[in-house]
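> upload_28.pdb is reproduced in full below (PDB, C-alpha atoms).
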```pdb
ATOM      1  CA  MET Y   1      69.977 -23.693   0.763  1.00  0.00           C
ATOM      2  CA  PRO Y   2      66.689 -22.138  -0.495  1.00  0.00           C
ATOM      3  CA  THR Y   3      66.289 -18.381  -0.576  1.00  0.00           C
ATOM      4  CA  THR Y   4      62.837 -16.905  -0.007  1.00  0.00           C
ATOM      5  CA  VAL Y   5      61.499 -13.358   0.036  1.00  0.00           C
ATOM      6  CA  ASP Y   6      58.150 -12.357   1.483  1.00  0.00           C
ATOM      7  CA  ILE Y   7      57.418  -9.073  -0.323  1.00  0.00           C
ATOM      8  CA  GLU Y   8      54.606  -8.002   2.005  1.00  0.00           C
ATOM      9  CA  SER Y   9      56.513  -8.543   5.270  1.00  0.00           C
ATOM     10  CA  GLN Y  10      59.865  -7.531   3.708  1.00  0.00           C
ATOM     11  CA  ARG Y  11      61.616 -10.581   5.194  1.00  0.00           C
ATOM     12  CA  MET Y  12      64.284 -12.360   3.185  1.00  0.00           C
ATOM     13  CA  ARG Y  13      65.625 -15.698   4.364  1.00  0.00           C
ATOM     14  CA  VAL Y  14      68.372 -18.126   3.445  1.00  0.00           C
ATOM     15  CA  GLY Y  15      66.891 -21.355   4.729  1.00  0.00           C
ATOM     16  CA  THR Y  16      65.384 -20.259   8.028  1.00  0.00           C
ATOM     17  CA  THR Y  17      67.913 -17.484   8.725  1.00  0.00           C
ATOM     18  CA  PRO Y  18      66.662 -13.887   8.207  1.00  0.00           C
ATOM     19  CA  VAL Y  19      69.028 -11.774   6.060  1.00  0.00           C
ATOM     20  CA  ARG Y  20      69.035  -8.166   4.863  1.00  0.00           C
ATOM     21  CA  LYS Y  21      71.116  -8.591   1.704  1.00  0.00           C
ATOM     22  CA  LEU Y  22      72.184 -11.541  -0.413  1.00  0.00           C
ATOM     23  CA  TYR Y  23      75.433 -11.653  -2.411  1.00  0.00           C
ATOM     24  CA  GLN Y  24      76.925 -14.007  -4.958  1.00  0.00           C
ATOM     25  CA  GLY Y  25      80.598 -13.190  -4.683  1.00  0.00           C
ATOM     26  CA  THR Y  26      80.708  -9.388  -4.765  1.00  0.00           C
ATOM     27  CA  ASN Y  27      77.452  -9.086  -6.732  1.00  0.00           C
ATOM     28  CA  LEU Y  28      74.319  -8.083  -4.850  1.00  0.00           C
ATOM     29  CA  ARG Y  29      71.628 -10.639  -5.776  1.00  0.00           C
ATOM     30  CA  GLY Y  30      68.806  -9.630  -3.467  1.00  0.00           C
ATOM     31  CA  THR Y  31      67.796  -7.079  -0.876  1.00  0.00           C
ATOM     32  CA  ARG Y  32      64.803  -5.878   1.068  1.00  0.00           C
ATOM     33  CA  ILE Y  33      62.968  -3.174  -0.878  1.00  0.00           C
ATOM     34  CA  ALA Y  34      63.481  -0.679   1.945  1.00  0.00           C
ATOM     35  CA  GLU Y  35      67.247  -1.154   1.645  1.00  0.00           C
ATOM     36  CA  LEU Y  36      67.172   0.397  -1.829  1.00  0.00           C
ATOM     37  CA  PHE Y  37      66.561   3.779  -0.167  1.00  0.00           C
ATOM     38  CA  ALA Y  38      68.760   3.312   2.913  1.00  0.00           C
ATOM     39  CA  ASN Y  39      71.357   5.889   1.820  1.00  0.00           C
ATOM     40  CA  GLY Y  40      68.942   8.627   0.824  1.00  0.00           C
ATOM     41  CA  GLU Y  41      68.447   7.499  -2.781  1.00  0.00           C
ATOM     42  CA  GLN Y  42      65.634   9.276  -4.611  1.00  0.00           C
ATOM     43  CA  GLY Y  43      62.724   7.157  -5.804  1.00  0.00           C
ATOM     44  CA  VAL Y  44      59.322   5.645  -5.058  1.00  0.00           C
ATOM     45  CA  TRP Y  45      57.861   2.440  -3.610  1.00  0.00           C
ATOM     46  CA  TYR Y  46      54.151   1.857  -4.087  1.00  0.00           C
ATOM     47  CA  ASP Y  47      52.418  -1.131  -2.512  1.00  0.00           C
ATOM     48  CA  PRO Y  48      48.677  -1.602  -3.217  1.00  0.00           C
ATOM     49  CA  SER Y  49      48.555  -4.501  -0.741  1.00  0.00           C
ATOM     50  CA  ASP Y  50      49.144  -2.022   2.102  1.00  0.00           C
ATOM     51  CA  PHE Y  51      45.738  -0.461   2.771  1.00  0.00           C
ATOM     52  CA  SER Y  52      47.275   2.099   5.137  1.00  0.00           C
ATOM     53  CA  THR Y  53      48.818   3.800   2.083  1.00  0.00           C
ATOM     54  CA  LEU Y  54      45.621   4.006   0.001  1.00  0.00           C
ATOM     55  CA  PHE Y  55      42.959   6.714  -0.068  1.00  0.00           C
ATOM     56  CA  GLN Y  56      39.868   7.169  -2.220  1.00  0.00           C
ATOM     57  CA  ASP Y  57      40.393  10.916  -2.664  1.00  0.00           C
ATOM     58  CA  ALA Y  58      43.413  12.890  -3.868  1.00  0.00           C
ATOM     59  CA  ALA Y  59      43.660  14.817  -0.583  1.00  0.00           C
ATOM     60  CA  GLY Y  60      44.116  11.616   1.415  1.00  0.00           C
ATOM     61  CA  THR Y  61      41.143  12.080   3.765  1.00  0.00           C
ATOM     62  CA  ILE Y  62      39.005   9.029   2.819  1.00  0.00           C
ATOM     63  CA  PRO Y  63      40.776   5.692   3.458  1.00  0.00           C
ATOM     64  CA  VAL Y  64      40.415   2.749   1.106  1.00  0.00           C
ATOM     65  CA  THR Y  65      38.816  -0.055   3.118  1.00  0.00           C
ATOM     66  CA  ALA Y  66      37.829  -2.674   0.523  1.00  0.00           C
ATOM     67  CA  VAL Y  67      38.296  -3.812  -3.049  1.00  0.00           C
ATOM     68  CA  GLU Y  68      36.359  -2.124  -5.876  1.00  0.00           C
ATOM     69  CA  GLN Y  69      36.976   1.281  -4.328  1.00  0.00           C
ATOM     70  CA  PRO Y  70      38.770   4.013  -6.318  1.00  0.00           C
ATOM     71  CA  VAL Y  71      42.307   5.019  -5.368  1.00  0.00           C
ATOM     72  CA  GLY Y  72      42.894   8.764  -5.554  1.00  0.00           C
ATOM     73  CA  ARG Y  73      46.067   8.846  -3.479  1.00  0.00           C
ATOM     74  CA  MET Y  74      48.768   6.241  -2.825  1.00  0.00           C
ATOM     75  CA  LEU Y  75      51.511   6.950  -0.319  1.00  0.00           C
ATOM     76  CA  ASP Y  76      55.166   6.392  -1.164  1.00  0.00           C
ATOM     77  CA  LYS Y  77      56.794   3.881   1.236  1.00  0.00           C
ATOM     78  CA  SER Y  78      60.362   4.797   0.241  1.00  0.00           C
ATOM     79  CA  GLY Y  79      60.517   7.594   2.805  1.00  0.00           C
ATOM     80  CA  ARG Y  80      61.081  10.222   0.096  1.00  0.00           C
ATOM     81  CA  GLY Y  81      57.508  11.582   0.186  1.00  0.00           C
ATOM     82  CA  ASN Y  82      56.792  11.026  -3.510  1.00  0.00           C
ATOM     83  CA  HIS Y  83      53.119  10.226  -3.036  1.00  0.00           C
ATOM     84  CA  ALA Y  84      51.004   9.557  -6.140  1.00  0.00           C
ATOM     85  CA  SER Y  85      47.570  11.057  -6.670  1.00  0.00           C
ATOM     86  CA  GLN Y  86      44.803  11.604  -9.216  1.00  0.00           C
ATOM     87  CA  PRO Y  87      42.510  14.640  -8.743  1.00  0.00           C
ATOM     88  CA  THR Y  88      40.044  13.634 -11.497  1.00  0.00           C
ATOM     89  CA  THR Y  89      37.446  11.224 -10.123  1.00  0.00           C
ATOM     90  CA  THR Y  90      36.866   9.348 -13.399  1.00  0.00           C
ATOM     91  CA  ALA Y  91      40.613   8.834 -13.992  1.00  0.00           C
ATOM     92  CA  ARG Y  92      41.348   6.987 -10.760  1.00  0.00           C
ATOM     93  CA  PRO Y  93      42.341   3.293 -10.764  1.00  0.00           C
ATOM     94  CA  ILE Y  94      40.297   0.724  -8.831  1.00  0.00           C
ATOM     95  CA  LEU Y  95      41.642  -1.522  -6.079  1.00  0.00           C
ATOM     96  CA  ARG Y  96      41.041  -5.171  -6.932  1.00  0.00           C
ATOM     97  CA  GLN Y  97      42.107  -8.623  -5.755  1.00  0.00           C
ATOM     98  CA  ASP Y  98      43.227 -11.548  -7.906  1.00  0.00           C
ATOM     99  CA  GLU Y  99      42.448 -15.242  -7.580  1.00  0.00           C
ATOM    100  CA  ASN Y 100      45.475 -15.690  -5.295  1.00  0.00           C
ATOM    101  CA  GLY Y 101      44.349 -13.011  -2.870  1.00  0.00           C
ATOM    102  CA  LYS Y 102      46.891 -10.416  -4.029  1.00  0.00           C
ATOM    103  CA  HIS Y 103      45.753  -6.803  -4.270  1.00  0.00           C
ATOM    104  CA  TYR Y 104      46.460  -4.642  -7.294  1.00  0.00           C
ATOM    105  CA  LEU Y 105      45.395  -1.401  -8.978  1.00  0.00           C
ATOM    106  CA  TYR Y 106      43.244  -1.758 -12.075  1.00  0.00           C
ATOM    107  CA  PHE Y 107      43.747   0.972 -14.693  1.00  0.00           C
ATOM    108  CA  ASP Y 108      41.138   1.088 -17.468  1.00  0.00           C
ATOM    109  CA  GLY Y 109      43.693   1.607 -20.248  1.00  0.00           C
ATOM    110  CA  VAL Y 110      41.836   4.703 -21.457  1.00  0.00           C
ATOM    111  CA  ASP Y 111      42.358   7.665 -19.136  1.00  0.00           C
ATOM    112  CA  ASP Y 112      43.376   6.292 -15.727  1.00  0.00           C
ATOM    113  CA  TRP Y 113      46.744   7.424 -14.356  1.00  0.00           C
ATOM    114  CA  MET Y 114      48.507   8.637 -11.212  1.00  0.00           C
ATOM    115  CA  GLN Y 115      51.329  11.106 -10.783  1.00  0.00           C
ATOM    116  CA  THR Y 116      53.743  12.074  -8.039  1.00  0.00           C
ATOM    117  CA  ALA Y 117      52.579  15.141  -6.179  1.00  0.00           C
ATOM    118  CA  SER Y 118      56.013  16.738  -6.431  1.00  0.00           C
ATOM    119  CA  SER Y 119      58.761  16.406  -9.001  1.00  0.00           C
ATOM    120  CA  MET Y 120      61.495  13.868  -8.351  1.00  0.00           C
ATOM    121  CA  ASP Y 121      64.805  15.491  -9.154  1.00  0.00           C
ATOM    122  CA  LEU Y 122      67.072  12.772 -10.538  1.00  0.00           C
ATOM    123  CA  SER Y 123      69.479  15.150 -12.285  1.00  0.00           C
ATOM    124  CA  GLY Y 124      72.220  14.304  -9.804  1.00  0.00           C
ATOM    125  CA  THR Y 125      72.495  10.670 -10.916  1.00  0.00           C
ATOM    126  CA  SER Y 126      72.913   8.713 -14.141  1.00  0.00           C
ATOM    127  CA  GLU Y 127      71.552   5.491 -12.639  1.00  0.00           C
ATOM    128  CA  VAL Y 128      67.967   4.196 -12.532  1.00  0.00           C
ATOM    129  CA  VAL Y 129      66.616   0.880 -11.256  1.00  0.00           C
ATOM    130  CA  THR Y 130      62.921  -0.001 -11.562  1.00  0.00           C
ATOM    131  CA  MET Y 131      60.684  -3.009 -10.959  1.00  0.00           C
ATOM    132  CA  ALA Y 132      56.982  -3.577 -11.558  1.00  0.00           C
ATOM    133  CA  ALA Y 133      54.529  -6.462 -11.336  1.00  0.00           C
ATOM    134  CA  VAL Y 134      51.819  -6.215 -13.989  1.00  0.00           C
ATOM    135  CA  LYS Y 135      48.963  -8.184 -15.496  1.00  0.00           C
ATOM    136  CA  VAL Y 136      47.772  -7.194 -18.944  1.00  0.00           C
ATOM    137  CA  PRO Y 137      44.393  -8.553 -20.150  1.00  0.00           C
ATOM    138  CA  ALA Y 138      44.104  -9.936 -23.668  1.00  0.00           C
ATOM    139  CA  SER Y 139      41.876  -7.023 -24.675  1.00  0.00           C
ATOM    140  CA  LYS Y 140      44.755  -4.557 -24.195  1.00  0.00           C
ATOM    141  CA  THR Y 141      46.979  -4.677 -27.277  1.00  0.00           C
ATOM    142  CA  THR Y 142      48.032  -1.042 -27.704  1.00  0.00           C
ATOM    143  CA  ARG Y 143      51.141   0.331 -26.004  1.00  0.00           C
ATOM    144  CA  GLY Y 144      50.620   1.205 -22.367  1.00  0.00           C
ATOM    145  CA  THR Y 145      52.790   3.118 -19.906  1.00  0.00           C
ATOM    146  CA  VAL Y 146      53.542   1.454 -16.569  1.00  0.00           C
ATOM    147  CA  PHE Y 147      55.976   4.029 -15.196  1.00  0.00           C
ATOM    148  CA  GLU Y 148      57.498   7.131 -16.702  1.00  0.00           C
ATOM    149  CA  LEU Y 149      60.016   9.784 -15.689  1.00  0.00           C
ATOM    150  CA  GLY Y 150      59.286  12.857 -17.785  1.00  0.00           C
ATOM    151  CA  THR Y 151      56.762  13.334 -20.562  1.00  0.00           C
ATOM    152  CA  SER Y 152      58.180  10.729 -22.951  1.00  0.00           C
ATOM    153  CA  TYR Y 153      61.328   8.644 -23.190  1.00  0.00           C
ATOM    154  CA  ALA Y 154      61.867  10.263 -26.588  1.00  0.00           C
ATOM    155  CA  SER Y 155      62.807  13.406 -24.628  1.00  0.00           C
ATOM    156  CA  SER Y 156      66.299  13.971 -23.229  1.00  0.00           C
ATOM    157  CA  GLY Y 157      66.792  12.685 -19.709  1.00  0.00           C
ATOM    158  CA  CYS Y 158      63.619  10.582 -19.692  1.00  0.00           C
ATOM    159  CA  PHE Y 159      62.904   6.928 -18.961  1.00  0.00           C
ATOM    160  CA  GLY Y 160      59.785   4.789 -19.359  1.00  0.00           C
ATOM    161  CA  MET Y 161      58.488   1.239 -18.838  1.00  0.00           C
ATOM    162  CA  GLU Y 162      55.763  -0.082 -21.128  1.00  0.00           C
ATOM    163  CA  THR Y 163      53.557  -3.136 -21.467  1.00  0.00           C
ATOM    164  CA  PRO Y 164      52.346  -3.951 -24.002  1.00  0.00           C
ATOM    165  CA  MET Y 165      55.247  -2.405 -25.909  1.00  0.00           C
ATOM    166  CA  PHE Y 166      55.858  -3.395 -29.524  1.00  0.00           C
ATOM    167  CA  SER Y 167      53.545  -6.432 -29.381  1.00  0.00           C
ATOM    168  CA  ALA Y 168      50.689  -7.644 -27.179  1.00  0.00           C
ATOM    169  CA  ALA Y 169      52.870  -9.970 -25.079  1.00  0.00           C
ATOM    170  CA  ALA Y 170      55.970  -7.756 -24.886  1.00  0.00           C
ATOM    171  CA  VAL Y 171      57.312  -5.646 -22.043  1.00  0.00           C
ATOM    172  CA  GLY Y 172      60.017  -3.084 -22.488  1.00  0.00           C
ATOM    173  CA  VAL Y 173      61.884   0.053 -21.542  1.00  0.00           C
ATOM    174  CA  GLY Y 174      62.820   3.183 -23.447  1.00  0.00           C
ATOM    175  CA  TYR Y 175      65.357   5.788 -22.363  1.00  0.00           C
ATOM    176  CA  ARG Y 176      67.405   8.719 -23.521  1.00  0.00           C
ATOM    177  CA  GLY Y 177      70.314  10.718 -22.156  1.00  0.00           C
ATOM    178  CA  ASN Y 178      71.396  13.867 -23.992  1.00  0.00           C
ATOM    179  CA  GLY Y 179      71.820  11.882 -27.237  1.00  0.00           C
ATOM    180  CA  SER Y 180      69.520   9.629 -29.253  1.00  0.00           C
ATOM    181  CA  GLU Y 181      66.756   7.574 -27.662  1.00  0.00           C
ATOM    182  CA  THR Y 182      66.767   3.792 -27.574  1.00  0.00           C
ATOM    183  CA  ALA Y 183      64.201   1.186 -26.586  1.00  0.00           C
ATOM    184  CA  LYS Y 184      64.470  -2.489 -25.691  1.00  0.00           C
ATOM    185  CA  SER Y 185      61.665  -5.008 -25.357  1.00  0.00           C
ATOM    186  CA  ILE Y 186      61.274  -8.692 -24.602  1.00  0.00           C
ATOM    187  CA  SER Y 187      58.374 -11.062 -25.170  1.00  0.00           C
ATOM    188  CA  SER Y 188      56.759 -12.647 -22.168  1.00  0.00           C
ATOM    189  CA  THR Y 189      56.760 -16.414 -21.855  1.00  0.00           C
ATOM    190  CA  ASP Y 190      52.988 -16.063 -21.422  1.00  0.00           C
ATOM    191  CA  SER Y 191      50.674 -15.634 -24.363  1.00  0.00           C
ATOM    192  CA  SER Y 192      48.265 -12.733 -23.955  1.00  0.00           C
ATOM    193  CA  PRO Y 193      46.980 -12.090 -21.289  1.00  0.00           C
ATOM    194  CA  ILE Y 194      50.324 -11.845 -19.480  1.00  0.00           C
ATOM    195  CA  SER Y 195      51.310 -11.696 -15.826  1.00  0.00           C
ATOM    196  CA  ILE Y 196      54.914 -10.715 -15.283  1.00  0.00           C
ATOM    197  CA  VAL Y 197      57.410  -9.108 -12.920  1.00  0.00           C
ATOM    198  CA  PHE Y 198      59.939  -7.119 -14.884  1.00  0.00           C
ATOM    199  CA  GLY Y 199      62.693  -4.768 -13.992  1.00  0.00           C
ATOM    200  CA  ALA Y 200      65.426  -2.703 -15.549  1.00  0.00           C
ATOM    201  CA  SER Y 201      68.732  -1.174 -14.518  1.00  0.00           C
ATOM    202  CA  LEU Y 202      70.223   1.680 -16.491  1.00  0.00           C
ATOM    203  CA  TYR Y 203      73.641   3.317 -16.122  1.00  0.00           C
ATOM    204  CA  LEU Y 204      73.921   6.110 -18.675  1.00  0.00           C
ATOM    205  CA  ASN Y 205      77.580   6.957 -18.133  1.00  0.00           C
ATOM    206  CA  ASP Y 206      78.958   3.424 -18.594  1.00  0.00           C
ATOM    207  CA  PRO Y 207      76.730   2.852 -20.621  1.00  0.00           C
ATOM    208  CA  ALA Y 208      75.041  -0.348 -19.480  1.00  0.00           C
ATOM    209  CA  PHE Y 209      71.440  -1.455 -19.658  1.00  0.00           C
ATOM    210  CA  GLN Y 210      69.730  -4.647 -18.501  1.00  0.00           C
ATOM    211  CA  LEU Y 211      66.095  -5.703 -18.803  1.00  0.00           C
ATOM    212  CA  ARG Y 212      64.891  -8.699 -16.817  1.00  0.00           C
ATOM    213  CA  ALA Y 213      61.591 -10.589 -16.850  1.00  0.00           C
ATOM    214  CA  ASP Y 214      60.538 -12.945 -14.050  1.00  0.00           C
ATOM    215  CA  GLY Y 215      64.082 -12.944 -12.656  1.00  0.00           C
ATOM    216  CA  ASN Y 216      65.892 -13.897 -15.863  1.00  0.00           C
ATOM    217  CA  ASN Y 217      68.390 -11.867 -17.889  1.00  0.00           C
ATOM    218  CA  LYS Y 218      66.605 -11.223 -21.140  1.00  0.00           C
ATOM    219  CA  GLN Y 219      68.047  -8.115 -22.778  1.00  0.00           C
ATOM    220  CA  MET Y 220      71.325  -6.263 -22.339  1.00  0.00           C
ATOM    221  CA  SER Y 221      72.836  -3.304 -24.163  1.00  0.00           C
ATOM    222  CA  SER Y 222      75.870  -1.029 -24.085  1.00  0.00           C
ATOM    223  CA  VAL Y 223      74.548   1.439 -26.687  1.00  0.00           C
ATOM    224  CA  SER Y 224      75.240   5.002 -25.556  1.00  0.00           C
ATOM    225  CA  THR Y 225      72.315   7.434 -25.482  1.00  0.00           C
ATOM    226  CA  GLY Y 226      74.358  10.268 -24.026  1.00  0.00           C
ATOM    227  CA  SER Y 227      75.195  11.104 -20.425  1.00  0.00           C
TER     228      SER Y 227
END
```
Just give me the structure of the file as structure tokens.

Amino acid sequence: MPTTVDIESQRMRVGTTPVRKLYQGTNLRGTRIAELFANGEQGVWYDPSDFSTLFQDAAGTIPVTAVEQPVGRMLDKSGRGNHASQPTTTARPILRQDENGKHYLYFDGVDDWMQTASSMDLSGTSEVVTMAAVKVPASKTTRGTVFELGTSYASSGCFGMETPMFSAAAVGVGYRGNGSETAKSISSTDSSPISIVFGASLYLNDPAFQLRADGNNKQMSSVSTGS
């Protein structure tokens, strides 16, 4: 029976039956995004297709109403209050829409970035799960940060997602516990430019690492980087 997930409405179905979680045996194969934070887990969920979460200014007083407007503040939908903002006008991304009608944030690859308004304290856990949908134009060939916890994944206790990573069509993740850093990357099936959904799960204490691109297992590792 086909399984479908509507990301914008957060409805997952097996055939025509709505479900909250999907298992294969005892392994969780799918869940609504909101369920990831159901037990108070720390994290973020940013959705540029939801205009109610977007503001042109960092203070959150000027709503985004159309494409080609700057985004100075983006509200976190996880319920944890980790809203992202950018106080510098020239460093704000632009809201745009692709040929399929999907909205996204365009970062210029030079000085555009956003940061959580308050620090996320993840010191109480050794587990991280991340997912991002990105499109990288052919003109962008140098390494670019998609998401980062800390100043650099070369630093202890830090984690980062990059695309491009080691090559123009590669996506990857770097991380470090209290030992040596490690980084894993995979090449996209697309030639540059690439459009890809990629995610990673990291369990420092096991250790176990998995990097997936477009739903497929692509890279796994059990190399310890410290707890």
> Given the point (58.1, -4.1, -15.5) in the coordinates of this file, which residues lie within 9 Å, counting only C-alpha atoms, and how would they look as a ChimeraX atom specification?
/Y:130-134,146-147,161-163,171-173,196-200,211-213
> Separation of CA of Ala84 in chain Y and CA of Leu149 in chain Y, in Å?
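About the pair CA of Ala84 in chain Y and CA of Leu149 in chain Y: they are 13.1 Å apart.
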> Convert the output of the PyMOL selection byres ((chain Y and resi 92) around 12) on the shown file into explicit residues, formatted as a ChimeraX atom specification.
/Y:54-58,68-74,84-91,93-95,105-115
> Quick one: apply the PyMOL selection byres ((chain Y and resi 52) around 9) to the file and drop the selected residues here as an mmCIF file with C-alpha atoms, in the coordinates of the input.

```cif
data_model
loop_
_atom_site.group_PDB
_atom_site.id
_atom_site.type_symbol
_atom_site.label_atom_id
_atom_site.label_comp_id
_atom_site.auth_asym_id
_atom_site.auth_seq_id
_atom_site.Cartn_x
_atom_site.Cartn_y
_atom_site.Cartn_z
ATOM 1 C CA SER Y 49 48.555 -4.501 -0.741
ATOM 2 C CA ASP Y 50 49.144 -2.022 2.102
ATOM 3 C CA PHE Y 51 45.738 -0.461 2.771
ATOM 4 C CA THR Y 53 48.818 3.800 2.083
ATOM 5 C CA LEU Y 54 45.621 4.006 0.001
ATOM 6 C CA PHE Y 55 42.959 6.714 -0.068
ATOM 7 C CA PRO Y 63 40.776 5.692 3.458
ATOM 8 C CA VAL Y 64 40.415 2.749 1.106
ATOM 9 C CA THR Y 65 38.816 -0.055 3.118
ATOM 10 C CA LEU Y 75 51.511 6.950 -0.319
#
```
> Expanded to explicit residues, what is the PyMOL selection byres ((chain Y and resi 190) around 12) for this file, as an MDAnalysis selection string?
chainID Y and resid 135:138 168:171 186:189 191:197 213:214
> Report, in Å with one decimal, the straight-line distance from CA of Thr225 in chain Y to CA of Thr151 in chain Y.
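The value is 17.3 Å.
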> Would you please work out which residue, of Y:Asn205, Y:Ser152, Y:Ser224, Y:Asn216, is nearest to Thr125 in chain Y when using all atoms listed in the file?
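Of all the options, Y:Asn205 lies closest to Thr125 in chain Y.
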> Taking only C-alpha atoms into account, which of Y:Pro48, Y:Gly226, Y:Pro207, Y:Gly81 comes nearest Met120 in chain Y?
Y:Gly81
> What is the CA of Tyr175 in chain Y to CA of Thr141 in chain Y distance in Å?
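CA of Thr141 in chain Y lies 21.7 Å from CA of Tyr175 in chain Y.
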